[in-house]
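One file, upload_5.cif, carrying mmCIF, C-alpha atoms and all ligand atoms:
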```cif
data_structure
loop_
_atom_site.group_PDB
_atom_site.id
_atom_site.type_symbol
_atom_site.label_atom_id
_atom_site.label_comp_id
_atom_site.auth_asym_id
_atom_site.auth_seq_id
_atom_site.Cartn_x
_atom_site.Cartn_y
_atom_site.Cartn_z
ATOM 1 C CA MET A 3 -6.741 -25.530 -32.620
ATOM 2 C CA ALA A 4 -6.302 -21.917 -31.634
ATOM 3 C CA GLY A 5 -7.746 -19.416 -34.055
ATOM 4 C CA ILE A 6 -9.880 -21.754 -36.182
ATOM 5 C CA GLY A 7 -12.813 -19.759 -37.493
ATOM 6 C CA LYS A 8 -11.131 -16.545 -36.453
ATOM 7 C CA THR A 9 -12.524 -13.228 -37.618
ATOM 8 C CA LEU A 10 -9.630 -10.870 -38.266
ATOM 9 C CA ARG A 11 -9.264 -7.765 -36.169
ATOM 10 C CA PHE A 12 -7.493 -4.551 -37.078
ATOM 11 C CA TYR A 13 -7.406 -2.278 -34.092
ATOM 12 C CA GLY A 14 -5.776 1.134 -34.346
ATOM 13 C CA ASN A 15 -4.324 2.647 -31.200
ATOM 14 C CA TRP A 16 -3.684 6.291 -31.949
ATOM 15 C CA LYS A 17 -2.009 6.967 -28.590
ATOM 16 C CA ALA A 18 -1.458 10.762 -28.331
ATOM 17 C CA GLU A 19 -0.656 11.246 -31.995
ATOM 18 C CA MET A 20 -3.820 12.932 -33.322
ATOM 19 C CA THR A 21 -5.851 16.128 -33.074
ATOM 20 C CA PRO A 22 -9.580 16.596 -33.724
ATOM 21 C CA ALA A 23 -8.797 18.189 -37.114
ATOM 22 C CA LYS A 24 -6.498 15.314 -38.105
ATOM 23 C CA THR A 25 -9.149 12.881 -36.898
ATOM 24 C CA ARG A 26 -11.742 14.358 -39.249
ATOM 25 C CA GLU A 27 -9.216 14.265 -42.079
ATOM 26 C CA PHE A 28 -8.392 10.607 -41.355
ATOM 27 C CA PHE A 29 -12.015 9.466 -41.430
ATOM 28 C CA LYS A 30 -12.765 11.416 -44.606
ATOM 29 C CA LYS A 31 -9.919 9.573 -46.321
ATOM 30 C CA PHE A 32 -10.721 6.279 -44.641
ATOM 31 C CA ALA A 33 -14.322 6.492 -45.890
ATOM 32 C CA ASN A 34 -12.982 6.702 -49.431
ATOM 33 C CA GLU A 35 -10.722 3.698 -48.770
ATOM 34 C CA ALA A 36 -13.356 1.611 -47.011
ATOM 35 C CA VAL A 37 -16.776 2.542 -48.381
ATOM 36 C CA VAL A 38 -15.773 3.529 -51.923
ATOM 37 C CA LYS A 39 -12.796 1.286 -52.753
ATOM 38 C CA ASN A 40 -13.075 -1.763 -50.505
ATOM 39 C CA PHE A 41 -16.739 -2.134 -49.593
ATOM 40 C CA ASN A 42 -17.099 -5.733 -50.768
ATOM 41 C CA LEU A 43 -13.769 -6.860 -49.358
ATOM 42 C CA LEU A 44 -14.655 -5.549 -45.906
ATOM 43 C CA LYS A 45 -18.245 -6.821 -46.001
ATOM 44 C CA ASP A 46 -17.278 -10.295 -47.254
ATOM 45 C CA SER A 47 -14.397 -10.745 -44.828
ATOM 46 C CA GLY A 48 -16.365 -9.510 -41.815
ATOM 47 C CA ALA A 49 -13.073 -8.110 -40.476
ATOM 48 C CA LYS A 50 -13.513 -6.017 -37.358
ATOM 49 C CA ILE A 51 -11.940 -2.571 -37.406
ATOM 50 C CA MET A 52 -11.571 -0.361 -34.380
ATOM 51 C CA ILE A 53 -9.895 2.966 -33.758
ATOM 52 C CA ALA A 54 -8.958 4.132 -30.261
ATOM 53 C CA PRO A 55 -8.313 7.885 -30.575
ATOM 54 C CA PRO A 56 -7.006 10.090 -27.789
ATOM 55 C CA SER A 57 -9.872 11.261 -25.568
ATOM 56 C CA ALA A 58 -9.946 14.786 -27.012
ATOM 57 C CA CYS A 59 -10.617 13.262 -30.444
ATOM 58 C CA LEU A 60 -13.334 10.788 -29.484
ATOM 59 C CA GLU A 61 -16.283 12.995 -30.275
ATOM 60 C CA SER A 62 -14.806 14.195 -33.587
ATOM 61 C CA ALA A 63 -14.228 10.546 -34.432
ATOM 62 C CA ARG A 64 -17.840 9.610 -33.678
ATOM 63 C CA LEU A 65 -19.197 12.551 -35.693
ATOM 64 C CA SER A 66 -16.943 11.678 -38.638
ATOM 65 C CA ILE A 67 -17.879 8.002 -38.516
ATOM 66 C CA ASN A 68 -21.555 8.959 -38.639
ATOM 67 C CA GLU A 69 -21.062 11.594 -41.329
ATOM 68 C CA HIS A 70 -19.282 9.150 -43.653
ATOM 69 C CA SER A 71 -21.500 6.121 -42.906
ATOM 70 C CA LEU A 72 -18.500 4.269 -41.527
ATOM 71 C CA GLY A 73 -20.371 2.801 -38.578
ATOM 72 C CA GLN A 74 -20.923 -0.388 -40.556
ATOM 73 C CA PHE A 75 -17.159 -0.992 -40.593
ATOM 74 C CA VAL A 76 -15.526 0.905 -37.753
ATOM 75 C CA GLU A 77 -16.070 0.851 -33.995
ATOM 76 C CA LEU A 78 -14.534 3.248 -31.506
ATOM 77 C CA GLY A 79 -12.389 2.373 -28.530
ATOM 78 C CA VAL A 80 -11.015 4.327 -25.585
ATOM 79 C CA GLN A 81 -7.436 4.242 -24.433
ATOM 80 C CA ALA A 82 -6.671 3.349 -20.824
ATOM 81 C CA PRO A 83 -10.017 4.403 -19.346
ATOM 82 C CA TRP A 84 -10.217 5.004 -15.627
ATOM 83 C CA HIS A 85 -12.733 2.728 -13.954
ATOM 84 C CA VAL A 86 -14.275 5.138 -11.464
ATOM 85 C CA VAL A 87 -15.950 8.477 -11.846
ATOM 86 C CA GLY A 88 -14.601 11.151 -9.553
ATOM 87 C CA ALA A 89 -11.992 13.778 -8.891
ATOM 88 C CA TYR A 90 -9.283 12.432 -11.216
ATOM 89 C CA THR A 91 -7.841 15.282 -13.217
ATOM 90 C CA GLY A 92 -7.129 14.402 -16.812
ATOM 91 C CA PHE A 93 -8.617 10.914 -16.886
ATOM 92 C CA THR A 94 -11.098 9.421 -19.343
ATOM 93 C CA THR A 95 -13.738 7.231 -17.716
ATOM 94 C CA LEU A 96 -15.708 4.285 -18.989
ATOM 95 C CA GLU A 97 -18.832 6.329 -18.329
ATOM 96 C CA MET A 98 -17.617 8.923 -20.851
ATOM 97 C CA ALA A 99 -16.835 6.150 -23.317
ATOM 98 C CA LYS A 100 -20.392 4.805 -23.020
ATOM 99 C CA ASP A 101 -22.018 8.177 -23.661
ATOM 100 C CA PRO A 102 -23.988 8.087 -26.950
ATOM 101 C CA ALA A 103 -21.885 10.989 -28.232
ATOM 102 C CA ILE A 104 -18.920 8.567 -28.188
ATOM 103 C CA ALA A 105 -20.527 5.106 -28.071
ATOM 104 C CA ALA A 106 -17.231 3.258 -27.699
ATOM 105 C CA LYS A 107 -17.345 -0.521 -27.899
ATOM 106 C CA TYR A 108 -13.748 -1.301 -26.876
ATOM 107 C CA ALA A 109 -11.218 -0.238 -24.260
ATOM 108 C CA VAL A 110 -7.450 -0.689 -24.503
ATOM 109 C CA ILE A 111 -6.430 -1.653 -20.971
ATOM 110 C CA GLY A 112 -3.046 -2.403 -19.409
ATOM 111 C CA HIS A 113 -0.973 -1.016 -22.281
ATOM 112 C CA SER A 114 2.742 -1.153 -21.584
ATOM 113 C CA GLU A 115 2.993 2.598 -22.073
ATOM 114 C CA ARG A 116 0.837 2.886 -18.936
ATOM 115 C CA ARG A 117 2.547 0.077 -17.041
ATOM 116 C CA GLN A 118 6.131 0.957 -17.865
ATOM 117 C CA PRO A 119 6.577 4.198 -15.893
ATOM 118 C CA TRP A 120 5.530 2.382 -12.726
ATOM 119 C CA ARG A 121 7.797 -0.545 -13.433
ATOM 120 C CA THR A 122 10.662 1.884 -13.954
ATOM 121 C CA ILE A 123 9.951 3.534 -10.618
ATOM 122 C CA GLU A 124 9.929 0.166 -8.881
ATOM 123 C CA ALA A 125 13.189 -0.879 -10.522
ATOM 124 C CA ALA A 126 14.749 2.419 -9.497
ATOM 125 C CA ILE A 127 13.729 1.988 -5.876
ATOM 126 C CA ARG A 128 14.929 -1.622 -5.809
ATOM 127 C CA ASN A 129 18.279 -0.711 -7.338
ATOM 128 C CA SER A 130 18.638 2.188 -4.987
ATOM 129 C CA LEU A 131 18.092 -0.188 -2.041
ATOM 130 C CA LYS A 132 20.725 -2.572 -3.402
ATOM 131 C CA GLY A 133 23.104 0.214 -4.331
ATOM 132 C CA ALA A 134 22.917 -1.031 -7.935
ATOM 133 C CA PRO A 135 23.073 1.278 -10.946
ATOM 134 C CA SER A 136 19.813 3.056 -11.592
ATOM 135 C CA PRO A 137 17.795 2.177 -14.717
ATOM 136 C CA LEU A 138 16.515 5.722 -14.819
ATOM 137 C CA ASN A 139 16.980 7.751 -17.915
ATOM 138 C CA PRO A 140 17.458 11.340 -16.709
ATOM 139 C CA ASP A 141 16.122 12.625 -20.038
ATOM 140 C CA ASP A 142 12.840 10.830 -19.496
ATOM 141 C CA VAL A 143 10.074 12.602 -17.518
ATOM 142 C CA VAL A 144 9.579 9.777 -15.056
ATOM 143 C CA GLY A 145 13.307 9.153 -14.821
ATOM 144 C CA SER A 146 14.190 12.693 -13.932
ATOM 145 C CA VAL A 147 11.396 13.066 -11.368
ATOM 146 C CA ILE A 148 12.223 9.822 -9.583
ATOM 147 C CA ALA A 149 15.957 10.438 -9.676
ATOM 148 C CA SER A 150 15.393 13.734 -7.914
ATOM 149 C CA ILE A 151 13.076 12.148 -5.338
ATOM 150 C CA LEU A 152 15.602 9.399 -4.609
ATOM 151 C CA LYS A 153 18.269 12.009 -4.029
ATOM 152 C CA GLU A 154 16.088 13.703 -1.443
ATOM 153 C CA ILE A 155 14.809 10.768 0.575
ATOM 154 C CA ALA A 156 16.429 7.910 2.411
ATOM 155 C CA ILE A 157 14.659 4.655 1.687
ATOM 156 C CA ASP A 158 14.853 2.348 4.674
ATOM 157 C CA SER A 159 12.485 -0.456 3.731
ATOM 158 C CA ASN A 160 14.006 -3.703 2.482
ATOM 159 C CA LYS A 161 10.720 -4.740 0.955
ATOM 160 C CA PRO A 162 9.146 -2.123 -1.217
ATOM 161 C CA GLN A 163 5.585 -2.875 -2.209
ATOM 162 C CA PRO A 164 5.853 -4.086 -5.792
ATOM 163 C CA PHE A 165 4.297 -1.474 -8.028
ATOM 164 C CA GLY A 166 3.596 -4.201 -10.560
ATOM 165 C CA ILE A 167 1.163 -5.922 -8.225
ATOM 166 C CA ALA A 168 -0.663 -2.676 -7.517
ATOM 167 C CA LEU A 169 -0.799 -1.997 -11.218
ATOM 168 C CA ASP A 170 -2.160 -5.460 -12.016
ATOM 169 C CA ARG A 171 -4.949 -4.829 -9.521
ATOM 170 C CA ILE A 172 -5.894 -1.584 -11.230
ATOM 171 C CA VAL A 173 -5.843 -3.273 -14.626
ATOM 172 C CA ASN A 174 -8.036 -6.055 -13.225
ATOM 173 C CA ALA A 175 -10.532 -3.505 -11.863
ATOM 174 C CA GLN A 176 -10.629 -1.763 -15.238
ATOM 175 C CA VAL A 177 -11.257 -5.027 -17.107
ATOM 176 C CA LYS A 178 -14.104 -5.860 -14.720
ATOM 177 C CA GLU A 179 -15.680 -2.425 -14.941
ATOM 178 C CA ALA A 180 -15.472 -2.391 -18.746
ATOM 179 C CA LEU A 181 -17.314 -5.716 -18.899
ATOM 180 C CA LYS A 182 -19.860 -4.443 -16.414
ATOM 181 C CA VAL A 183 -20.788 -1.513 -18.642
ATOM 182 C CA GLY A 184 -20.741 -3.606 -21.839
ATOM 183 C CA ILE A 185 -17.414 -2.476 -23.292
ATOM 184 C CA THR A 186 -15.020 -5.127 -24.618
ATOM 185 C CA PRO A 187 -11.699 -4.888 -22.798
ATOM 186 C CA ILE A 188 -8.608 -5.463 -24.900
ATOM 187 C CA LEU A 189 -6.202 -6.552 -22.187
ATOM 188 C CA CYS A 190 -2.608 -5.822 -23.201
ATOM 189 C CA VAL A 191 0.233 -8.038 -22.033
ATOM 190 C CA GLY A 192 3.882 -8.186 -23.006
ATOM 191 C CA GLU A 193 7.436 -8.567 -21.845
ATOM 192 C CA THR A 194 10.303 -6.085 -21.968
ATOM 193 C CA LEU A 195 13.533 -6.845 -23.799
ATOM 194 C CA SER A 196 15.387 -7.587 -20.578
ATOM 195 C CA GLU A 197 12.626 -9.953 -19.434
ATOM 196 C CA ARG A 198 12.854 -11.777 -22.774
ATOM 197 C CA LYS A 199 16.642 -11.981 -22.512
ATOM 198 C CA GLU A 200 16.313 -13.413 -19.011
ATOM 199 C CA GLY A 201 14.010 -16.135 -20.395
ATOM 200 C CA ARG A 202 11.032 -14.781 -18.448
ATOM 201 C CA THR A 203 8.665 -14.023 -21.360
ATOM 202 C CA THR A 204 6.103 -16.720 -20.565
ATOM 203 C CA GLU A 205 6.140 -16.026 -16.842
ATOM 204 C CA VAL A 206 5.670 -12.274 -17.282
ATOM 205 C CA VAL A 207 2.996 -12.481 -19.977
ATOM 206 C CA LEU A 208 0.940 -15.175 -18.235
ATOM 207 C CA SER A 209 1.187 -13.405 -14.913
ATOM 208 C CA GLN A 210 -0.137 -10.161 -16.455
ATOM 209 C CA LEU A 211 -2.855 -12.175 -18.183
ATOM 210 C CA SER A 212 -4.031 -14.083 -15.126
ATOM 211 C CA SER A 213 -3.965 -11.111 -12.812
ATOM 212 C CA GLY A 214 -5.845 -9.041 -15.403
ATOM 213 C CA LEU A 215 -8.582 -11.694 -15.527
ATOM 214 C CA GLU A 216 -8.562 -12.613 -11.848
ATOM 215 C CA GLY A 217 -11.984 -13.176 -10.337
ATOM 216 C CA LEU A 218 -13.844 -13.172 -13.654
ATOM 217 C CA PRO A 219 -16.321 -16.003 -14.194
ATOM 218 C CA PRO A 220 -15.731 -18.047 -17.380
ATOM 219 C CA GLU A 221 -18.670 -16.465 -19.188
ATOM 220 C CA LEU A 222 -17.103 -13.017 -18.755
ATOM 221 C CA VAL A 223 -13.596 -14.236 -19.641
ATOM 222 C CA LYS A 224 -15.076 -15.270 -22.997
ATOM 223 C CA LEU A 225 -16.110 -11.645 -23.620
ATOM 224 C CA THR A 226 -12.582 -10.295 -23.306
ATOM 225 C CA GLU A 227 -9.926 -9.886 -25.974
ATOM 226 C CA ILE A 228 -6.171 -9.977 -25.512
ATOM 227 C CA ALA A 229 -3.355 -8.080 -27.182
ATOM 228 C CA TYR A 230 0.126 -9.576 -26.985
ATOM 229 C CA GLU A 231 2.472 -6.620 -27.325
ATOM 230 C CA PRO A 232 6.163 -7.319 -26.710
ATOM 231 C CA VAL A 233 7.396 -4.007 -25.316
ATOM 232 C CA TRP A 234 10.630 -4.225 -27.332
ATOM 233 C CA ALA A 235 8.624 -4.282 -30.594
ATOM 234 C CA ILE A 236 6.425 -1.267 -29.900
ATOM 235 C CA GLY A 237 7.275 1.763 -31.998
ATOM 236 C CA THR A 238 10.760 0.391 -32.683
ATOM 237 C CA GLY A 239 10.229 -0.966 -36.184
ATOM 238 C CA GLU A 240 11.342 -4.318 -34.803
ATOM 239 C CA THR A 241 8.487 -6.823 -35.091
ATOM 240 C CA ALA A 242 8.379 -10.127 -33.282
ATOM 241 C CA SER A 243 8.886 -12.828 -35.890
ATOM 242 C CA PRO A 244 5.690 -14.717 -36.722
ATOM 243 C CA GLU A 245 7.158 -17.710 -34.907
ATOM 244 C CA GLN A 246 8.063 -15.720 -31.793
ATOM 245 C CA ALA A 247 4.572 -14.216 -31.688
ATOM 246 C CA GLU A 248 2.884 -17.536 -32.378
ATOM 247 C CA GLU A 249 4.748 -19.224 -29.531
ATOM 248 C CA VAL A 250 3.488 -16.677 -27.005
ATOM 249 C CA HIS A 251 -0.031 -16.600 -28.484
ATOM 250 C CA VAL A 252 -0.320 -20.358 -28.012
ATOM 251 C CA LYS A 253 0.680 -20.003 -24.345
ATOM 252 C CA ILE A 254 -1.899 -17.229 -23.924
ATOM 253 C CA TYR A 255 -4.524 -19.363 -25.649
ATOM 254 C CA ASP A 256 -3.869 -22.252 -23.294
ATOM 255 C CA ARG A 257 -3.954 -20.059 -20.190
ATOM 256 C CA LEU A 258 -7.227 -18.545 -21.431
ATOM 257 C CA SER A 259 -8.612 -22.090 -21.634
ATOM 258 C CA GLU A 260 -8.064 -22.377 -17.888
ATOM 259 C CA HIS A 261 -9.796 -19.070 -17.177
ATOM 260 C CA ALA A 262 -12.655 -19.842 -19.557
ATOM 261 C CA GLN A 263 -12.811 -23.449 -18.309
ATOM 262 C CA THR A 264 -12.866 -24.927 -21.779
ATOM 263 C CA PRO A 265 -10.058 -26.427 -23.890
ATOM 264 C CA LYS A 266 -11.475 -24.757 -27.024
ATOM 265 C CA HIS A 267 -12.509 -21.148 -27.039
ATOM 266 C CA ASN A 268 -12.632 -18.269 -29.461
ATOM 267 C CA ILE A 269 -11.196 -15.465 -27.360
ATOM 268 C CA PRO A 270 -9.366 -13.249 -29.861
ATOM 269 C CA ILE A 271 -5.647 -12.689 -29.296
ATOM 270 C CA VAL A 272 -4.184 -9.949 -31.475
ATOM 271 C CA TYR A 273 -0.526 -9.035 -31.908
ATOM 272 C CA GLY A 274 0.871 -5.523 -31.420
ATOM 273 C CA GLY A 275 4.329 -4.140 -32.081
ATOM 274 C CA SER A 276 5.417 -2.539 -35.373
ATOM 275 C CA MET A 277 2.743 -4.319 -37.404
ATOM 276 C CA LYS A 278 2.912 -2.843 -40.918
ATOM 277 C CA PRO A 279 1.402 -3.524 -44.357
ATOM 278 C CA ASP A 280 4.451 -5.605 -45.297
ATOM 279 C CA ASN A 281 4.587 -7.894 -42.258
ATOM 280 C CA VAL A 282 0.895 -8.340 -41.411
ATOM 281 C CA ALA A 283 0.392 -11.296 -43.786
ATOM 282 C CA ALA A 284 3.019 -13.547 -42.231
ATOM 283 C CA LEU A 285 1.695 -12.767 -38.747
ATOM 284 C CA VAL A 286 -2.018 -13.353 -39.344
ATOM 285 C CA LYS A 287 -1.306 -16.545 -41.278
ATOM 286 C CA LYS A 288 -0.394 -18.064 -37.936
ATOM 287 C CA PRO A 289 -3.589 -19.646 -36.582
ATOM 288 C CA PRO A 290 -3.435 -18.178 -33.074
ATOM 289 C CA ILE A 291 -2.926 -14.588 -34.309
ATOM 290 C CA TRP A 292 -6.328 -12.978 -34.868
ATOM 291 C CA GLY A 293 -5.061 -9.624 -36.160
ATOM 292 C CA GLY A 294 -3.303 -6.594 -34.761
ATOM 293 C CA LEU A 295 -3.309 -3.731 -32.316
ATOM 294 C CA ILE A 296 -1.605 -1.207 -34.515
ATOM 295 C CA GLY A 297 0.014 2.077 -33.537
ATOM 296 C CA GLY A 298 2.019 3.961 -36.180
ATOM 297 C CA ALA A 299 0.531 2.183 -39.206
ATOM 298 C CA SER A 300 -3.021 3.111 -38.160
ATOM 299 C CA LEU A 301 -2.437 6.858 -38.343
ATOM 300 C CA LYS A 302 -2.687 7.210 -42.122
ATOM 301 C CA ALA A 303 -5.917 6.069 -43.777
ATOM 302 C CA ASP A 304 -4.271 4.600 -46.882
ATOM 303 C CA VAL A 305 -1.525 2.778 -44.947
ATOM 304 C CA PHE A 306 -4.036 1.371 -42.463
ATOM 305 C CA MET A 307 -6.277 0.172 -45.288
ATOM 306 C CA LEU A 308 -3.349 -1.436 -47.107
ATOM 307 C CA LEU A 309 -2.472 -3.274 -43.909
ATOM 308 C CA ILE A 310 -6.090 -4.439 -43.616
ATOM 309 C CA GLN A 311 -6.191 -5.540 -47.279
ATOM 310 C CA ASN A 312 -2.930 -7.459 -46.940
ATOM 311 C CA GLY A 313 -4.137 -9.126 -43.745
ATOM 312 C CA ILE A 314 -7.436 -10.211 -45.253
ATOM 313 C CA ALA A 315 -5.715 -11.474 -48.425
ATOM 314 C CA ALA A 316 -3.328 -13.575 -46.357
ATOM 315 C CA VAL A 317 -6.075 -15.670 -44.794
ATOM 316 C CA SER A 318 -8.484 -15.818 -47.764
HETATM 317 P P1 LIG B 401 3.345 0.391 -33.079
HETATM 318 O O1 LIG B 401 2.502 -0.321 -34.104
HETATM 319 O O2 LIG B 401 3.564 1.836 -33.415
HETATM 320 O O3 LIG B 401 4.610 -0.355 -32.794
HETATM 321 O O4 LIG B 401 2.506 0.415 -31.713
HETATM 322 C C1 LIG B 401 1.976 -0.777 -31.247
HETATM 323 C C2 LIG B 401 1.130 -0.502 -30.054
HETATM 324 O O5 LIG B 401 1.630 -0.179 -28.999
HETATM 325 C C3 LIG B 401 -0.329 -0.596 -30.216
HETATM 326 O O6 LIG B 401 -0.971 -0.527 -28.988
#
```

In structure tokens, what does this structure look like?
Amino acid sequence: MAGIGKTLRFYGNWKAEMTPAKTREFFKKFANEAVVKNFNLLKDSGAKIMIAPPSACLESARLSINEHSLGQFVELGVQAPWHVVGAYTGFTTLEMAKDPAIAAKYAVIGHSERRQPWRTIEAAIRNSLKGAPSPLNPDDVVGSVIASILKEIAIDSNKPQPFGIALDRIVNAQVKEALKVGITPILCVGETLSERKEGRTTEVVLSQLSSGLEGLPPELVKLTEIAYEPVWAIGTGETASPEQAEEVHVKIYDRLSEHAQTPKHNIPIVYGGSMKPDNVAALVKKPPIWGGLIGGASLKADVFMLLIQNGIAAVS
């Protein structure tokens, strides 16, 4: 059965919510929580903890982890690394992540916050072709830029190249490159609210999953990890119910069996989307939920540790 023998994972995705100074402050407090107050709990449980700071905070994070002897408990991850080195202004590469000054072990790849702007652009172009109302929010950066472009140009193609496919290919290349350099990719998949309402959750999630893993031999598939993050639950305070999450995790587990060519595997599948100290227990009690990819609740050391404690207690 999915998740038997699972080692819990608590992965913090800090998005763009930290500074180097706040990073140092976090780890100072987290060292007190982890090394001073919860040493035995963390050691005995073997729970894996990871923080993916914004790129400007990676080196401060590594220095703080070393300074407070947190390396025994906490690994670093990079957010949305670019898979090639070159003239790409503003990007963080896997090569940077591998540098000993960072020594990241994980990479968060295919997050909906990276996919969504492109999907919005595609939807806008499609609707414009059909004369349907635009999904663009003029207050949103992407929305306003695309709305102004659409005003200026006449689109004559009936078949726009789906941005989603292009995006899936990039995500696939990033997963492959991460594995090549020895970084564990955490491949993020998840449906939007409208896709869920249309009954397309399984189709969307499994399509993102399979295209993200396309071309990987089974032995490499087994080195990946997956995060199921329903877009409608991210940063909204609205969590998927344990049953809703479990249902999708089981589908992901089964599809992973095909990619890994084995009916039983131990590829971790974590849940992301408003996971908090008070809902983590019910989620991780479900066998196919290995833990969480946590945004807001990973930003404060004491809240993150409470979430970890509650998660570990739930499965002990
Ligand atoms: P929240 O926990 O803030 O909803 O964010 C989840 C997420 O997107 C983690 O990658």

Using the chain letters and numbering of this document, enumerate as a tab-separated table (two decimals) with C-alpha atoms, in the coordinates of the input the residues selected by the PyMOL selection byres (((chain A and resi 98-106) around 6) and not hetatm).
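The resulting out.tsv:
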```
chain	number	residue	atom	x	y	z
A	61	GLU	CA	-16.28	13.00	-30.28
A	64	ARG	CA	-17.84	9.61	-33.68
A	78	LEU	CA	-14.53	3.25	-31.51
A	79	GLY	CA	-12.39	2.37	-28.53
A	95	THR	CA	-13.74	7.23	-17.72
A	96	LEU	CA	-15.71	4.28	-18.99
A	97	GLU	CA	-18.83	6.33	-18.33
A	107	LYS	CA	-17.34	-0.52	-27.90
A	108	TYR	CA	-13.75	-1.30	-26.88
```

Take the PyMOL selection byres (((chain A and resi 211) around 10) and not hetatm), run it mentally on this structure, and tell me the resulting residues as a PyMOL selection string.
chain A and resi 112+170+174+189-192+205-210+212-216+228-230+254+257-258+261

How many Å separate CA of Thr21 (chain A) from CA of Arg121 (chain A)?
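For CA of Thr21 (chain A) relative to CA of Arg121 (chain A), the distance reads 29.2 Å.
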
Chain and number of each residue from the PyMOL selection byres (((not hetatm)) within 10 of (chain B and resi 401)), as a short mmCIF file (atom, residue, chain, number, x, y, z; two decimals) with C-alpha atoms, in the frame of the given file:
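What follows is the written file expr-v9.cif:
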```
data_model
loop_
_atom_site.label_atom_id
_atom_site.label_comp_id
_atom_site.auth_asym_id
_atom_site.auth_seq_id
_atom_site.Cartn_x
_atom_site.Cartn_y
_atom_site.Cartn_z
CA TYR A 13 -7.41 -2.28 -34.09
CA GLY A 14 -5.78 1.13 -34.35
CA ASN A 15 -4.32 2.65 -31.20
CA TRP A 16 -3.68 6.29 -31.95
CA LYS A 17 -2.01 6.97 -28.59
CA ALA A 54 -8.96 4.13 -30.26
CA GLN A 81 -7.44 4.24 -24.43
CA VAL A 110 -7.45 -0.69 -24.50
CA ILE A 111 -6.43 -1.65 -20.97
CA GLY A 112 -3.05 -2.40 -19.41
CA HIS A 113 -0.97 -1.02 -22.28
CA SER A 114 2.74 -1.15 -21.58
CA GLU A 115 2.99 2.60 -22.07
CA ILE A 188 -8.61 -5.46 -24.90
CA CYS A 190 -2.61 -5.82 -23.20
CA ALA A 229 -3.36 -8.08 -27.18
CA TYR A 230 0.13 -9.58 -26.98
CA GLU A 231 2.47 -6.62 -27.32
CA PRO A 232 6.16 -7.32 -26.71
CA VAL A 233 7.40 -4.01 -25.32
CA TRP A 234 10.63 -4.22 -27.33
CA ALA A 235 8.62 -4.28 -30.59
CA ILE A 236 6.42 -1.27 -29.90
CA GLY A 237 7.28 1.76 -32.00
CA THR A 238 10.76 0.39 -32.68
CA GLY A 239 10.23 -0.97 -36.18
CA GLU A 240 11.34 -4.32 -34.80
CA THR A 241 8.49 -6.82 -35.09
CA TYR A 273 -0.53 -9.04 -31.91
CA GLY A 274 0.87 -5.52 -31.42
CA GLY A 275 4.33 -4.14 -32.08
CA SER A 276 5.42 -2.54 -35.37
CA MET A 277 2.74 -4.32 -37.40
CA LYS A 278 2.91 -2.84 -40.92
CA GLY A 294 -3.30 -6.59 -34.76
CA LEU A 295 -3.31 -3.73 -32.32
CA ILE A 296 -1.60 -1.21 -34.52
CA GLY A 297 0.01 2.08 -33.54
CA GLY A 298 2.02 3.96 -36.18
CA ALA A 299 0.53 2.18 -39.21
CA SER A 300 -3.02 3.11 -38.16
CA LEU A 301 -2.44 6.86 -38.34
#
```

Å distance separating CA of Asn268 (chain A) from CA of Lys224 (chain A), one decimal place
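Interatomic distance here is 7.5 Å.
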
Suppose you want the space between CA of Tyr90 (chain A) and CA of Ala63 (chain A); what is it in Å?
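Result for CA of Tyr90 (chain A) versus CA of Ala63 (chain A): 23.8 Å, one decimal.
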
Return the padded bounding box of region 198-210 of chain A as JSON: axis-aligned, built from all atoms listed in the file, 5 Å added on each side, with centre and edge lengths in Å to one decimal.
```
{"center_x": 8.3, "center_y": -13.4, "center_z": -18.8, "size_x": 26.8, "size_y": 16.6, "size_z": 17.9}
```

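Proximity of A:Arg117, A:His267, A:Lys287, A:Lys178 to Glu193 (chain A), computed with all atoms listed in the file, is greatest for A:Arg117.
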
Find the residues near Met307 (chain A): any atom within 10 Å, counting all atoms listed in the file, skip ones fewer than 2 places away on the same chain, and give them as a PDB file with C-alpha atoms, in the coordinates of the input.
```pdb
ATOM      1  CA  PHE A  12      -7.493  -4.551 -37.078  1.00  0.00           C
ATOM      2  CA  PHE A  32     -10.721   6.279 -44.641  1.00  0.00           C
ATOM      3  CA  GLU A  35     -10.722   3.698 -48.770  1.00  0.00           C
ATOM      4  CA  ALA A  36     -13.356   1.611 -47.011  1.00  0.00           C
ATOM      5  CA  LYS A  39     -12.796   1.286 -52.753  1.00  0.00           C
ATOM      6  CA  ASN A  40     -13.075  -1.763 -50.505  1.00  0.00           C
ATOM      7  CA  PRO A 279       1.402  -3.524 -44.357  1.00  0.00           C
ATOM      8  CA  ALA A 299       0.531   2.183 -39.206  1.00  0.00           C
ATOM      9  CA  SER A 300      -3.021   3.111 -38.160  1.00  0.00           C
ATOM     10  CA  LYS A 302      -2.687   7.210 -42.122  1.00  0.00           C
ATOM     11  CA  ALA A 303      -5.917   6.069 -43.777  1.00  0.00           C
ATOM     12  CA  ASP A 304      -4.271   4.600 -46.882  1.00  0.00           C
ATOM     13  CA  VAL A 305      -1.525   2.778 -44.947  1.00  0.00           C
ATOM     14  CA  LEU A 309      -2.472  -3.274 -43.909  1.00  0.00           C
ATOM     15  CA  ILE A 310      -6.090  -4.439 -43.616  1.00  0.00           C
ATOM     16  CA  GLN A 311      -6.191  -5.540 -47.279  1.00  0.00           C
ATOM     17  CA  ASN A 312      -2.930  -7.459 -46.940  1.00  0.00           C
ATOM     18  CA  GLY A 313      -4.137  -9.126 -43.745  1.00  0.00           C
TER      19      GLY A 313
END
```

Need to verify the contact set: Arg11 (chain A), 6 Å, all atoms listed in the file, exclusion of same-chain residues closer than 3 positions in sequence. Can you return it as number ranges by chain?
A: 49-51, 293
